[in-house]
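The file data.cif comes next; it holds mmCIF, C-alpha atoms.
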```
data_start
loop_
_atom_site.group_PDB
_atom_site.id
_atom_site.type_symbol
_atom_site.label_atom_id
_atom_site.label_comp_id
_atom_site.auth_asym_id
_atom_site.auth_seq_id
_atom_site.Cartn_x
_atom_site.Cartn_y
_atom_site.Cartn_z
ATOM 1 C CA MET A 10 -7.408 19.737 18.593
ATOM 2 C CA ASN A 11 -6.824 16.666 20.730
ATOM 3 C CA ARG A 12 -3.316 16.905 22.129
ATOM 4 C CA THR A 13 -3.141 13.630 24.041
ATOM 5 C CA ILE A 14 -0.981 10.770 22.837
ATOM 6 C CA ASP A 15 -3.060 7.970 21.343
ATOM 7 C CA ASP A 16 -2.173 4.861 23.361
ATOM 8 C CA SER A 17 -4.859 2.618 21.917
ATOM 9 C CA PRO A 18 -3.526 -0.221 19.745
ATOM 10 C CA ALA A 19 -3.486 0.691 16.040
ATOM 11 C CA LEU A 20 -4.691 -2.808 15.218
ATOM 12 C CA PRO A 21 -7.628 -4.379 17.041
ATOM 13 C CA LEU A 22 -6.967 -7.979 18.048
ATOM 14 C CA TRP A 23 -9.816 -9.324 15.907
ATOM 15 C CA LEU A 24 -8.384 -7.721 12.757
ATOM 16 C CA LEU A 25 -4.880 -9.002 13.460
ATOM 17 C CA ALA A 26 -6.248 -12.524 14.118
ATOM 18 C CA LEU A 27 -8.434 -12.439 10.994
ATOM 19 C CA ALA A 28 -5.548 -11.207 8.796
ATOM 20 C CA SER A 29 -3.156 -13.832 10.190
ATOM 21 C CA VAL A 30 -5.573 -16.752 9.822
ATOM 22 C CA SER A 31 -6.617 -15.727 6.308
ATOM 23 C CA MET A 32 -2.951 -15.359 5.283
ATOM 24 C CA LEU A 33 -2.122 -18.844 6.604
ATOM 25 C CA VAL A 34 -5.141 -20.299 4.768
ATOM 26 C CA ALA A 35 -4.158 -18.485 1.545
ATOM 27 C CA LEU A 36 -0.523 -19.653 1.742
ATOM 28 C CA TYR A 37 -1.669 -23.216 2.413
ATOM 29 C CA MET A 38 -3.967 -23.087 -0.613
ATOM 30 C CA VAL A 39 -1.292 -21.546 -2.876
ATOM 31 C CA PHE A 40 1.517 -23.934 -1.964
ATOM 32 C CA MET A 41 -0.253 -27.144 -0.893
ATOM 33 C CA TRP A 42 -3.847 -27.306 -2.063
ATOM 34 C CA VAL A 43 -4.275 -25.877 -5.564
ATOM 35 C CA SER A 44 -3.385 -28.020 -8.582
ATOM 36 C CA THR A 45 -0.230 -27.172 -10.538
ATOM 37 C CA GLU A 46 -0.854 -25.465 -13.881
ATOM 38 C CA ALA A 47 -0.033 -27.869 -16.730
ATOM 39 C CA SER A 48 2.112 -25.730 -19.063
ATOM 40 C CA MET A 49 3.958 -23.349 -16.709
ATOM 41 C CA GLY A 50 4.363 -25.571 -13.662
ATOM 42 C CA ILE A 51 4.866 -24.218 -10.144
ATOM 43 C CA ILE A 52 6.012 -20.760 -11.287
ATOM 44 C CA GLN A 53 2.340 -20.040 -12.121
ATOM 45 C CA ARG A 54 1.691 -19.946 -8.322
ATOM 46 C CA ILE A 55 3.039 -16.396 -8.446
ATOM 47 C CA PHE A 56 -0.278 -15.532 -10.142
ATOM 48 C CA TYR A 57 -2.312 -15.638 -6.910
ATOM 49 C CA PHE A 58 -0.448 -12.839 -5.131
ATOM 50 C CA HIS A 59 0.690 -11.012 -8.295
ATOM 51 C CA VAL A 60 -2.906 -10.388 -9.421
ATOM 52 C CA SER A 61 -4.171 -9.846 -5.857
ATOM 53 C CA ALA A 62 -1.528 -7.147 -5.276
ATOM 54 C CA ALA A 63 -2.769 -5.339 -8.415
ATOM 55 C CA PHE A 64 -6.399 -5.498 -7.222
ATOM 56 C CA VAL A 65 -5.386 -4.260 -3.750
ATOM 57 C CA SER A 66 -3.606 -1.322 -5.435
ATOM 58 C CA PHE A 67 -6.823 -0.496 -7.323
ATOM 59 C CA VAL A 68 -8.791 -0.528 -4.049
ATOM 60 C CA ALA A 69 -6.131 1.732 -2.487
ATOM 61 C CA VAL A 70 -6.344 4.147 -5.453
ATOM 62 C CA ALA A 71 -10.131 4.409 -4.942
ATOM 63 C CA VAL A 72 -9.822 4.905 -1.160
ATOM 64 C CA GLY A 73 -6.977 7.426 -1.529
ATOM 65 C CA GLY A 74 -8.751 9.349 -4.280
ATOM 66 C CA VAL A 75 -12.104 9.586 -2.497
ATOM 67 C CA SER A 76 -10.368 10.580 0.772
ATOM 68 C CA SER A 77 -8.409 13.329 -1.012
ATOM 69 C CA ILE A 78 -11.588 14.731 -2.547
ATOM 70 C CA LEU A 79 -13.409 14.563 0.820
ATOM 71 C CA TYR A 80 -10.492 16.394 2.435
ATOM 72 C CA LEU A 81 -10.658 19.135 -0.182
ATOM 73 C CA LYS A 82 -14.416 19.511 0.460
ATOM 74 C CA THR A 83 -14.462 19.296 4.266
ATOM 75 C CA ARG A 84 -10.865 20.195 5.294
ATOM 76 C CA ASP A 85 -11.214 17.489 7.957
ATOM 77 C CA ALA A 86 -7.682 16.206 8.632
ATOM 78 C CA LYS A 87 -8.836 12.618 9.173
ATOM 79 C CA TYR A 88 -9.458 12.315 5.412
ATOM 80 C CA ASP A 89 -5.983 13.635 4.661
ATOM 81 C CA ASP A 90 -4.472 11.036 7.014
ATOM 82 C CA LEU A 91 -6.420 8.258 5.282
ATOM 83 C CA ALA A 92 -5.464 9.576 1.830
ATOM 84 C CA LEU A 93 -1.777 9.571 2.774
ATOM 85 C CA ALA A 94 -1.984 6.031 4.173
ATOM 86 C CA ALA A 95 -3.830 4.667 1.123
ATOM 87 C CA ASN A 96 -1.731 6.469 -1.488
ATOM 88 C CA GLU A 97 1.589 5.497 0.079
ATOM 89 C CA SER A 98 0.462 1.850 0.236
ATOM 90 C CA ILE A 99 -0.118 1.880 -3.548
ATOM 91 C CA VAL A 100 3.642 2.214 -4.120
ATOM 92 C CA VAL A 101 4.298 -0.873 -1.972
ATOM 93 C CA PHE A 102 1.554 -3.116 -3.370
ATOM 94 C CA GLU A 103 2.087 -2.028 -6.970
ATOM 95 C CA ALA A 104 5.823 -2.707 -6.577
ATOM 96 C CA MET A 105 4.936 -6.159 -5.213
ATOM 97 C CA ASN A 106 2.734 -6.718 -8.281
ATOM 98 C CA ILE A 107 5.384 -5.535 -10.768
ATOM 99 C CA ILE A 108 8.345 -7.379 -9.203
ATOM 100 C CA MET A 109 6.450 -10.662 -8.869
ATOM 101 C CA GLY A 110 5.195 -10.291 -12.440
ATOM 102 C CA SER A 111 8.683 -9.521 -13.703
ATOM 103 C CA ILE A 112 10.122 -12.683 -12.134
ATOM 104 C CA TRP A 113 7.258 -14.712 -13.567
ATOM 105 C CA GLY A 114 7.790 -13.070 -16.967
ATOM 106 C CA LYS A 115 11.491 -13.931 -16.959
ATOM 107 C CA ARG A 116 10.687 -17.642 -16.571
ATOM 108 C CA VAL A 117 7.734 -17.756 -18.972
ATOM 109 C CA TRP A 118 8.568 -15.117 -21.649
ATOM 110 C CA GLY A 119 12.337 -15.148 -21.215
ATOM 111 C CA ILE A 120 12.443 -11.391 -20.492
ATOM 112 C CA TRP A 121 12.238 -9.311 -17.313
ATOM 113 C CA TRP A 122 10.331 -6.425 -18.851
ATOM 114 C CA THR A 123 8.735 -5.095 -22.016
ATOM 115 C CA TRP A 124 7.101 -1.740 -22.693
ATOM 116 C CA ASP A 125 3.671 -3.078 -23.623
ATOM 117 C CA ALA A 126 0.447 -1.251 -22.674
ATOM 118 C CA ARG A 127 -0.226 -3.256 -19.490
ATOM 119 C CA LEU A 128 3.281 -3.062 -18.060
ATOM 120 C CA THR A 129 3.778 0.574 -19.029
ATOM 121 C CA SER A 130 0.466 1.722 -17.520
ATOM 122 C CA SER A 131 1.250 -0.219 -14.308
ATOM 123 C CA PHE A 132 4.693 1.396 -14.167
ATOM 124 C CA LEU A 133 3.048 4.779 -14.705
ATOM 125 C CA LEU A 134 0.743 4.098 -11.737
ATOM 126 C CA ILE A 135 3.689 3.494 -9.426
ATOM 127 C CA LEU A 136 5.441 6.629 -10.745
ATOM 128 C CA ILE A 137 2.330 8.770 -10.124
ATOM 129 C CA TYR A 138 2.130 7.668 -6.495
ATOM 130 C CA LEU A 139 5.881 7.975 -5.992
ATOM 131 C CA ALA A 140 5.427 11.566 -7.153
ATOM 132 C CA TYR A 141 2.611 11.912 -4.599
ATOM 133 C CA VAL A 142 4.895 10.727 -1.758
ATOM 134 C CA ILE A 143 7.747 13.036 -2.841
ATOM 135 C CA VAL A 144 5.545 16.090 -3.473
ATOM 136 C CA ARG A 145 3.770 15.660 -0.143
ATOM 137 C CA ARG A 146 7.038 16.014 1.716
ATOM 138 C CA ALA A 147 8.357 18.842 -0.433
ATOM 139 C CA VAL A 148 5.340 21.179 -0.614
ATOM 140 C CA ALA A 149 4.185 23.639 2.066
ATOM 141 C CA PRO A 150 1.175 22.435 4.140
ATOM 142 C CA GLU A 151 -1.180 25.105 2.695
ATOM 143 C CA GLN A 152 -0.691 23.927 -0.906
ATOM 144 C CA ARG A 153 -0.183 20.248 -0.081
ATOM 145 C CA ALA A 154 -3.808 19.067 -0.217
ATOM 146 C CA THR A 155 -4.618 20.690 -3.558
ATOM 147 C CA ILE A 156 -1.483 19.497 -5.350
ATOM 148 C CA CYS A 157 -1.819 15.983 -3.894
ATOM 149 C CA ALA A 158 -5.502 15.802 -4.901
ATOM 150 C CA VAL A 159 -4.535 16.663 -8.491
ATOM 151 C CA ILE A 160 -1.938 13.859 -8.479
ATOM 152 C CA CYS A 161 -4.622 11.483 -7.123
ATOM 153 C CA ILE A 162 -6.904 12.384 -10.027
ATOM 154 C CA PHE A 163 -4.117 11.374 -12.461
ATOM 155 C CA GLY A 164 -3.708 8.144 -10.490
ATOM 156 C CA MET A 165 -7.422 7.376 -10.645
ATOM 157 C CA ALA A 166 -7.429 8.093 -14.381
ATOM 158 C CA ASP A 167 -4.613 5.573 -14.887
ATOM 159 C CA VAL A 168 -6.469 2.650 -13.235
ATOM 160 C CA PRO A 169 -9.019 2.111 -16.061
ATOM 161 C CA LEU A 170 -6.083 2.290 -18.478
ATOM 162 C CA VAL A 171 -4.230 -0.443 -16.558
ATOM 163 C CA TYR A 172 -7.378 -2.567 -16.346
ATOM 164 C CA MET A 173 -8.367 -2.184 -19.996
ATOM 165 C CA SER A 174 -4.855 -2.205 -21.501
ATOM 166 C CA ASN A 175 -4.737 -5.928 -22.285
ATOM 167 C CA ARG A 176 -8.355 -5.878 -23.427
ATOM 168 C CA LEU A 177 -7.913 -2.978 -25.866
ATOM 169 C CA PHE A 178 -4.353 -3.570 -27.102
ATOM 170 C CA ARG A 179 -2.259 -6.539 -28.126
ATOM 171 C CA THR A 180 0.179 -7.010 -25.277
ATOM 172 C CA GLN A 181 2.971 -9.334 -24.260
ATOM 173 C CA HIS A 182 1.060 -9.635 -20.990
ATOM 174 C CA PRO A 183 -1.553 -12.394 -21.349
ATOM 175 C CA SER A 184 -5.254 -11.647 -21.842
ATOM 176 C CA PRO A 185 -7.268 -11.426 -18.628
ATOM 177 C CA VAL A 186 -8.354 -14.692 -17.065
ATOM 178 C CA LEU A 187 -10.577 -12.972 -14.484
ATOM 179 C CA GLY A 188 -13.522 -11.137 -16.041
ATOM 180 C CA GLY A 189 -12.026 -11.435 -19.500
ATOM 181 C CA GLY A 190 -15.215 -12.401 -21.339
ATOM 182 C CA PRO A 191 -15.918 -15.515 -23.463
ATOM 183 C CA GLY A 192 -13.030 -17.980 -23.632
ATOM 184 C CA SER A 193 -11.369 -16.697 -20.488
ATOM 185 C CA GLY A 194 -11.492 -18.156 -17.006
ATOM 186 C CA ILE A 195 -9.578 -20.476 -14.705
ATOM 187 C CA ALA A 196 -10.201 -23.812 -13.010
ATOM 188 C CA PRO A 197 -12.487 -23.575 -9.931
ATOM 189 C CA ASP A 198 -9.715 -24.548 -7.473
ATOM 190 C CA MET A 199 -7.479 -21.807 -8.915
ATOM 191 C CA LEU A 200 -10.313 -19.285 -8.639
ATOM 192 C CA TRP A 201 -10.909 -20.179 -4.968
ATOM 193 C CA THR A 202 -7.189 -19.936 -4.268
ATOM 194 C CA TRP A 203 -6.998 -16.530 -5.925
ATOM 195 C CA LEU A 204 -10.000 -15.386 -3.875
ATOM 196 C CA ALA A 205 -8.334 -16.579 -0.654
ATOM 197 C CA ALA A 206 -5.104 -14.757 -1.585
ATOM 198 C CA PHE A 207 -7.016 -11.582 -2.425
ATOM 199 C CA ILE A 208 -8.947 -11.629 0.889
ATOM 200 C CA ALA A 209 -5.698 -12.251 2.818
ATOM 201 C CA LEU A 210 -3.887 -9.433 1.027
ATOM 202 C CA ILE A 211 -6.746 -6.944 1.404
ATOM 203 C CA LEU A 212 -6.853 -7.675 5.157
ATOM 204 C CA LEU A 213 -3.081 -7.165 5.347
ATOM 205 C CA TRP A 214 -3.525 -3.893 3.446
ATOM 206 C CA TRP A 215 -6.212 -2.832 5.917
ATOM 207 C CA CYS A 216 -3.773 -3.484 8.797
ATOM 208 C CA VAL A 217 -1.082 -1.441 7.010
ATOM 209 C CA ILE A 218 -3.530 1.418 6.401
ATOM 210 C CA ARG A 219 -4.610 1.579 10.047
ATOM 211 C CA VAL A 220 -1.021 1.671 11.308
ATOM 212 C CA ARG A 221 0.055 4.271 8.725
ATOM 213 C CA ARG A 222 -3.009 6.432 9.361
ATOM 214 C CA ARG A 223 -2.209 6.578 13.076
ATOM 215 C CA LEU A 224 1.372 7.561 12.281
ATOM 216 C CA ALA A 225 0.061 10.344 10.016
ATOM 217 C CA ARG A 226 -2.148 11.569 12.868
ATOM 218 C CA SER A 227 0.816 11.608 15.285
ATOM 219 C CA GLU A 228 2.953 13.506 12.758
ATOM 220 C CA ARG A 229 0.201 16.080 12.335
ATOM 221 C CA MET A 230 0.021 16.430 16.126
ATOM 222 C CA ILE A 231 3.777 17.109 16.233
ATOM 223 C CA GLU A 232 3.366 19.898 13.675
ATOM 224 C CA ALA A 233 0.640 21.513 15.837
ATOM 225 C CA LEU A 234 2.579 21.070 19.090
ATOM 226 C CA SER A 235 5.726 22.502 17.510
ATOM 227 C CA ARG A 236 3.736 25.594 16.545
ATOM 228 C CA SER A 237 2.362 25.895 20.132
ATOM 229 C CA ALA A 238 5.828 25.458 21.613
ATOM 230 C CA HIS A 239 7.150 28.082 19.205
ATOM 231 C CA GLU A 240 4.419 30.536 20.280
ATOM 232 C CA LEU A 241 5.061 29.880 23.986
ATOM 233 C CA ALA A 242 8.749 30.522 23.460
ATOM 234 C CA GLY A 243 7.825 33.909 21.983
ATOM 235 C CA GLY A 244 8.886 33.003 18.496
ATOM 236 C CA ALA A 245 12.254 31.543 19.475
ATOM 237 C CA HIS A 246 13.218 28.369 17.681
ATOM 238 C CA ILE A 247 12.606 25.186 19.687
ATOM 239 C CA MET B 4 9.724 -28.204 -11.463
ATOM 240 C CA SER B 5 12.828 -27.876 -9.283
ATOM 241 C CA GLU B 6 14.465 -25.319 -11.608
ATOM 242 C CA ASN B 7 11.521 -22.952 -11.066
ATOM 243 C CA LEU B 8 11.566 -23.324 -7.283
ATOM 244 C CA PRO B 9 14.302 -20.703 -6.616
ATOM 245 C CA TRP B 10 12.418 -18.228 -8.842
ATOM 246 C CA LEU B 11 9.185 -18.858 -6.951
ATOM 247 C CA PHE B 12 11.051 -18.445 -3.669
ATOM 248 C CA ALA B 13 12.664 -15.198 -4.899
ATOM 249 C CA ALA B 14 9.320 -13.767 -6.052
ATOM 250 C CA PHE B 15 7.620 -14.416 -2.724
ATOM 251 C CA THR B 16 10.632 -13.294 -0.661
ATOM 252 C CA ILE B 17 10.924 -9.967 -2.506
ATOM 253 C CA GLY B 18 7.141 -9.437 -2.601
ATOM 254 C CA TRP B 19 6.659 -10.087 1.100
ATOM 255 C CA GLY B 20 9.931 -8.380 1.961
ATOM 256 C CA LEU B 21 8.547 -5.144 0.490
ATOM 257 C CA VAL B 22 5.400 -5.257 2.620
ATOM 258 C CA PHE B 23 7.172 -6.227 5.841
ATOM 259 C CA GLY B 24 9.979 -3.734 5.170
ATOM 260 C CA TYR B 25 7.347 -1.019 4.836
ATOM 261 C CA LEU B 26 5.717 -2.141 8.101
ATOM 262 C CA ALA B 27 9.131 -2.073 9.842
ATOM 263 C CA TRP B 28 9.713 1.477 8.528
ATOM 264 C CA ILE B 29 6.296 2.572 9.857
ATOM 265 C CA SER B 30 7.029 0.974 13.221
ATOM 266 C CA ASN B 31 10.425 2.749 13.541
ATOM 267 C CA ARG B 32 8.916 6.055 12.560
ATOM 268 C CA GLU B 33 6.025 5.578 14.994
ATOM 269 C CA GLN B 34 8.489 5.089 17.881
ATOM 270 C CA GLU B 35 10.470 8.145 16.853
ATOM 271 C CA THR B 36 7.281 10.205 16.522
ATOM 272 C CA ARG B 37 6.116 9.074 19.972
ATOM 273 C CA ARG B 38 9.418 10.170 21.532
ATOM 274 C CA ARG B 39 9.192 13.568 19.833
ATOM 275 C CA LEU B 40 5.560 14.000 20.898
ATOM 276 C CA GLU B 41 6.313 13.208 24.531
ATOM 277 C CA ALA B 42 9.282 15.604 24.539
ATOM 278 C CA LEU B 43 7.199 18.384 22.976
ATOM 279 C CA GLN B 44 4.298 17.863 25.375
ATOM 280 C CA GLN B 45 6.685 17.979 28.322
ATOM 281 C CA LEU B 46 8.250 21.167 26.976
ATOM 282 C CA ILE B 47 4.843 22.840 26.550
ATOM 283 C CA ASN B 48 3.715 21.782 30.044
ATOM 284 C CA ASP B 49 6.940 23.199 31.560
ATOM 285 C CA ARG B 50 6.495 26.508 29.726
ATOM 286 C CA ASP B 51 2.825 26.647 30.774
ATOM 287 C CA CYS B 52 3.857 26.234 34.441
ATOM 288 C CA GLN B 53 6.536 28.942 34.107
ATOM 289 C CA THR B 54 4.140 31.488 32.614
ATOM 290 C CA ARG B 55 1.464 30.981 35.366
#
```
Would you mind writing the file's structure down as structure tokens?
Amino acid sequence: MNRTIDDSPALPLWLLALASVSMLVALYMVFMWVSTEASMGIIQRIFYFHVSAAFVSFVAVAVGGVSSILYLKTRDAKYDDLALAANESIVVFEAMNIIMGSIWGKRVWGIWWTWDARLTSSFLLILIYLAYVIVRRAVAPEQRATICAVICIFGMADVPLVYMSNRLFRTQHPSPVLGGGPGSGIAPDMLWTWLAAFIALILLWWCVIRVRRRLARSERMIEALSRSAHELAGGAHI
Amino acid sequence: MSENLPWLFAAFTIGWGLVFGYLAWISNREQETRRRLEALQQLINDRDCQTR
């Protein structure tokens, strides 16, 4: 095991620059460039980051799930670090999605929340990954990977349910405007703005993942060093 | 339009606040982890020297 402290920057300059520029472009498009939706007015501008945050969560679920499975197969700790980073980020981005949607809902529907299929399945997704974060800290390292992988499988199973919920059931949440079939769709300038917001948010997520993954690696190193220090001290507590 | 502006502001502030709050938490924890790592490495090096 490599026991040197990693002094390299967690974020390469090109990624930081790309994420910053794309975020500025996206914010400019959301607040200055895109036309205002006729019936809802400016509150509809929440849409661009609300939907993007949901899509970023789906990407994180896929990355976290695949990494967990690869860790179970190979027992290579780098996959476990990536799984932790991706799965923890789901809680943050899904919370962003739900809170932004709730504020939008209050203005448009007149209510903060309703237990329809879309909202409930999204809430379930956040609960599953909150459980992941809690269980990961509570369980012994030997059992951690297996239990966490099982939670990830539940998380991955919930994503199709979230995605299909307003296609299969009648929901308070509106029908999909992106990939919703005949009759759905948005104006081209709104589509471009959504795309810009999604690219900006996925780059931000990538930055978050890299930083969190390095922290996970450092924490793992501490565990190993603590064990070495314990052995050197002849079993005495350090 | 103006009556929706505070709601739009609140949505973006809370949304972005979550992400940047999370990044601040990671940054704090990274610094703490670095301090612990350096202390542990020093301790192991000292013990190694003593045993030789």
For segment 8-20 of chain B: contacts at 8 Å, only C-alpha atoms, fewer than 2 positions along chain excluded, given as an NGL selection string: (:A and (51-52 or 54-55 or 104-106 or 108-109 or 112-113 or 116)) or (:B and (4-6 or 22-24))
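Restricting the calculation to only C-alpha atoms, the smallest distance between Tyr172 of chain A and any of A:Leu210, A:Ala238, A:Ala63, A:Val100 is found for A:Ala63.
Excluding Leu241 of chain A itself and any same-chain residue fewer than 4 positions from it, the protein and nucleic acid residues within 10 Å of it, counting only C-alpha atoms, are Ser235, Arg236, Ser237, Ala245 and Ile247 of chain A; Leu46, Ile47, Arg50, Asp51 and Thr54 of chain B.
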- request: For each of A:Val39, A:Leu134, A:Ala166, A:Ala140, take the minimum atom-to-atom distance to chain B, counting only C-alpha atoms, then give the residue where this is smallest.
  value: A:Val39
- request: Could you give me, as a VMD selection string, the residues within 9 Å of segment 29-42 of chain B, counting all atoms listed in the file and dropping anything in the same chain fewer than 3 positions from it?
  value: (chain A and resid 14 217 220 to 221 223 to 224 227 to 228 230 to 231 234) or (chain B and resid 24 to 26 45 to 47)
